[in-house]
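Participant: Here you go, one structure.
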Amino acid sequence: MNINIKKLNLIFFLFILISLYSIFSYYFYAQENKLASVILKTLNNNIIETSYTMSKTIKSSDDIYLFKAQLDRNSANDDFIAAIAVFDNNKLLLTTDPSYSTINFQINQKNKDFYRELLNKQYIENELKYYEGKNVRKLKLIYFLEHDELNAHFTRNRIDYLTYFGIPPIIIFIFIFILIRNYISIPLEKLRQYAYYNNVVPKAFKISELEAIRYSMVDTFSRLDTEKKELYLMARTDSLSGLSNRNSLDEYLERLILTSKRIQKEFAFLYLDIDHFKSVNDSLGHNIGDELLQSISSLFKNILRPSDFVARIGGDEFVIIIQDYDSYFDLSTIINRIQKELSKNWTIKTNPINISCSIGISFYPKDGEDQIDLMKNADIAMYEAKKLGRNQYHFFTEKLNQTVQKTILLDRDMRLALKNNEYQLFYQPKIDLESSKIIGVEALIRWLSPESGIIGPNNFIPLAEENNFIQELGEWIIDEVIRQYIQWRNKNIDISISINVSAKQLLKSNFSEKLISKLNINKIDASKIDIEITEYIFIQNSNETNSNLKKLHDYGISISLDDFGTGYSSLSYLKKFPITYLKIDKSFLDDYNTKEGASFVETIVKLGQTLNMKIIAEGVEEIEQVEYLSKIKCNQYQGYFCSKPLNAKDFEEFYLNRKI
């Protein structure tokens, strides 16, 4: 049976305390008995002395009364005597207190326990002998004991004894107990816990021997912890590159797969191989190859993000795991950066080296749900990249690979298109239903590719939104609209122009200031510029978006809500945001001749009128649609019935030659 320090300490002090108080109790009761013996002896001596004095003087029983005053003094002067009486057998001759006039003679028993004997006695007695002539007479001198005073005396004695001999030892022992507990027991317990759990390092102890033990333990555990960490790192770190090794990769993947499975999130597994690395070793030596691998590893540490993971699993083979990417295009951007950095000119000990890498990519969970499948499929994809001529990357799924490659090509081409002035704005007229006049146009971007011809915005705007190219492209559109407006104004074509603005543009805090500044510089009336937004913007619902729209509206620029009813429809944002125009989508107008379709269109028109907004119908292609819109008091329309989107020159001709 094991006993901890606390229990041992408690048992030890309880034993000491019980032992001491046993001794104390023994001596206390011995002292009490001794005190009782002294009292009895004193009383006996007193009664004997009194008896002797009286016996010498008494000649007859009547002489007893001569001693009444003396007996009164004796009784009064001794607190333990309640009364003194003289009896002739059972006949009372004299008493100092009439309440003590009778007596039940008791048998005197000697007892070693003087305390009990004293408390049990009712009185003590002694004989009075005197001579009447030649006859000896015997009387009894009785001392009645005052038990209340005796009890009070012993009680005071106990209190005094406990005060001076009972309580101080307890206080001393408590003090000693606390000292031992704080300076020995607790430190030993902390050392035990530190030895067992090795988590919290105890602070320095006051007792030098314990402090020496503590210091030795801390030093030992510190060295063991350092060695443990070194062993852990050695087991999970590649000794040459300092990157994680295969063991660390397996552990990381095991945790990541469990997490990704729970939150249903994919991640990319990249298998990277240095192209023609064997020729570097063969021509320059393994020491150069090793130093090159170290430099490549340092490069990975610098260019990869904290959330990315990289491991060296072979001679010139690396695995990179990427979790945080918004799209495959975003992932491709990261991969391109890796390949670009690796393809730079390296100089190792004055030796110029040009290298590249081939990368295979697999995805969890669609390309593999465990380490083995992900590694195998990424390896297959990597060899496909090598077959394509090296310095390439390839996705395990061919369809996905083609899609990503197409996206990357489109991203490159549309950026070059802006530099090569391949974008052009087309303008679709907006017709006032009451006057049938052209009162404005919507600017629509087209890409005039030398290879592919005219490319519609649906083919490249989504990617521009995704890769943030929309910021640069949107800036060009605004500048082009301002330039075109000034040109038309000089030709007396003074109409408003609508500009489509994306959510990402409105998320820029300075968007409204820049647009307003451009209008002020070119002295353009704010009412001639209209900003078209879609309901998707309200999903963002950011402070920047709200602020930009409010500033534009307050400046005098109108706000049109395009494709109303097809997206994030909510009446709350119609109240919250400064909308000037509601645009009815073509899909609703196509059903105008059905009961349900007409009800929907008319509801939008009435809603706009109620909120003091104007209504624009899109996709109008028939005269019947125009007549219907005029009937329900719609304000404007645009569509092929009037004109398809035209380039600036064709629109000028159409506008000037149009007869109402």
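Labeling convention for the structure tokens: chains A, B, ... as they appear, residues from 1 per chain, ligands from 1 in order of appearance.
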Extract the full set of helix (DSSP H, G or I) residues from range 419-638 of chain A according to DSSP on the backbone, and format it as a VMD selection string.
Facilitator: chain A and resid 419 457 to 459 461 to 466 469 to 490 503 to 506 511 to 521 526 to 528 537 to 540 543 to 555 571 to 576 586 to 589 595 to 610 623 to 631
Participant: Thr545 in chain A: which residues within 10 Å, counting only C-alpha atoms, same-chain residues fewer than 6 positions away excluded, as a ChimeraX atom specification?
Facilitator: /A:503-509,511-512,537-538,577
Participant: Hey, can you check how far CA of Gly166 in chain A sits from CA of Leu20 in chain A?
Facilitator: 9.9 Å
Participant: With distances taken over only C-alpha atoms, which residue among A:Leu433, A:Leu249, A:Ile584, A:Ile454 lies nearest Ser630 in chain A?
Facilitator: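 Result for the nearest residue to Ser630 in chain A: A:Leu433.
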Participant: Which residues, written as a PyMOL selection string, have at least one atom at most 10 Å from range 651-658 of chain A, with only C-alpha atoms counted and residues fewer than 6 positions away on the same chain left out?
Facilitator: chain A and resi 426-429+437-438+441+488+491-493+643-645
Participant: Show me, as number ranges by chain, the residues that have an atom within 10 Å of Arg214 in chain A when counting only C-alpha atoms, minus same-chain residues fewer than 3 positions from it.
Facilitator: A: 187-188, 190-191, 194-195, 201-205, 208-211, 217-220
Participant: Hey, can you spit out that residue selection with C-alpha atoms as a CSV table (one decimal), in the first residue's frame?
Facilitator:
chain,number,residue,atom,x,y,z
A,187,PRO,CA,7.7,21.0,-2.8
A,188,LEU,CA,7.9,17.2,-2.7
A,190,LYS,CA,5.4,19.4,-6.9
A,191,LEU,CA,8.6,17.4,-7.6
A,194,TYR,CA,6.9,17.3,-12.3
A,195,ALA,CA,8.5,13.9,-12.4
A,201,VAL,CA,8.4,23.5,-13.9
A,202,PRO,CA,8.3,24.2,-10.1
A,203,LYS,CA,9.7,27.5,-8.9
A,204,ALA,CA,12.9,27.6,-6.8
A,205,PHE,CA,12.5,26.1,-3.3
A,208,SER,CA,18.7,24.0,-0.3
A,209,GLU,CA,18.5,20.2,-0.5
A,210,LEU,CA,15.1,20.3,-2.2
A,211,GLU,CA,16.2,23.1,-4.5
A,217,MET,CA,15.4,17.3,-12.3
A,218,VAL,CA,14.7,20.5,-14.4
A,219,ASP,CA,18.1,20.2,-16.0
A,220,THR,CA,17.6,16.5,-16.7
Participant: Just how far from CA of Gln294 in chain A is CA of Arg312 in chain A, in Å to one decimal?
Facilitator: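 Going from CA of Arg312 in chain A over to CA of Gln294 in chain A, I get 10.6 Å.
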Participant: As a ChimeraX atom specification, please: the residues near Lys344 in chain A (cut-off 10 Å, only C-alpha atoms, same-chain neighbours under 2 positions excluded).
Facilitator: /A:339-342,346-347,353-356
Participant: Pick out the closest residue to Asp78 in chain A from this set: A:Leu150, A:Glu117, A:Lys140, A:Asp494. Count only C-alpha atoms.
Facilitator: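 For Asp78 in chain A, the nearest of the candidates is A:Leu150.
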Participant: Could you go through range 340-562 of chain A and tell me which residues DSSP, when run on the backbone, assigns to strand (DSSP E), listing them as a PyMOL selection string?
Facilitator: chain A and resi 345-348+351-354+357-364+393-395+423-432+438-449+453-455+496-500+529-534+558-562
Participant: Using only C-alpha atoms, can you tell me which of A:Lys261, A:Lys56, A:His153, A:Lys41 comes closest to Ile124 in chain A?
Facilitator: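 Once distances to Ile124 in chain A are computed over only C-alpha atoms, the minimum belongs to A:Lys41.
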Participant: Of the candidates A:Ile439, A:Leu253, A:Ala526, A:Leu611, which one gets nearest to Gln638 in chain A if we count only C-alpha atoms?
Facilitator: A:Ile439
Participant: For CA of Tyr164 in chain A and CA of Phe114 in chain A, determine how far apart the two atoms are, in Å to one decimal place.
Facilitator: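 Distance reported for this atom pair: 23.7 Å.
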Participant: Restricting the calculation to only C-alpha atoms: of A:Asn421, A:Ile335, A:Pro365, A:Val136, which residue gets closest to His394 in chain A?
Facilitator: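 Among A:Asn421, A:Ile335, A:Pro365, A:Val136, it is A:Ile335 that comes nearest to His394 in chain A.
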Participant: Restricting the calculation to only C-alpha atoms, which member of A:Gly389, A:Gly289, A:Gly474, A:Gly619 is positioned closest to Lys430 in chain A?
Facilitator: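 Using only C-alpha atoms, Lys430 in chain A sits closest to A:Gly619.
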Participant: I'd like the contact shell of Gly597 in chain A - 7 Å cut-off, only C-alpha atoms, skipping same-chain residues fewer than 5 positions apart - returned as number ranges by chain.
Facilitator: A: 588, 591-592
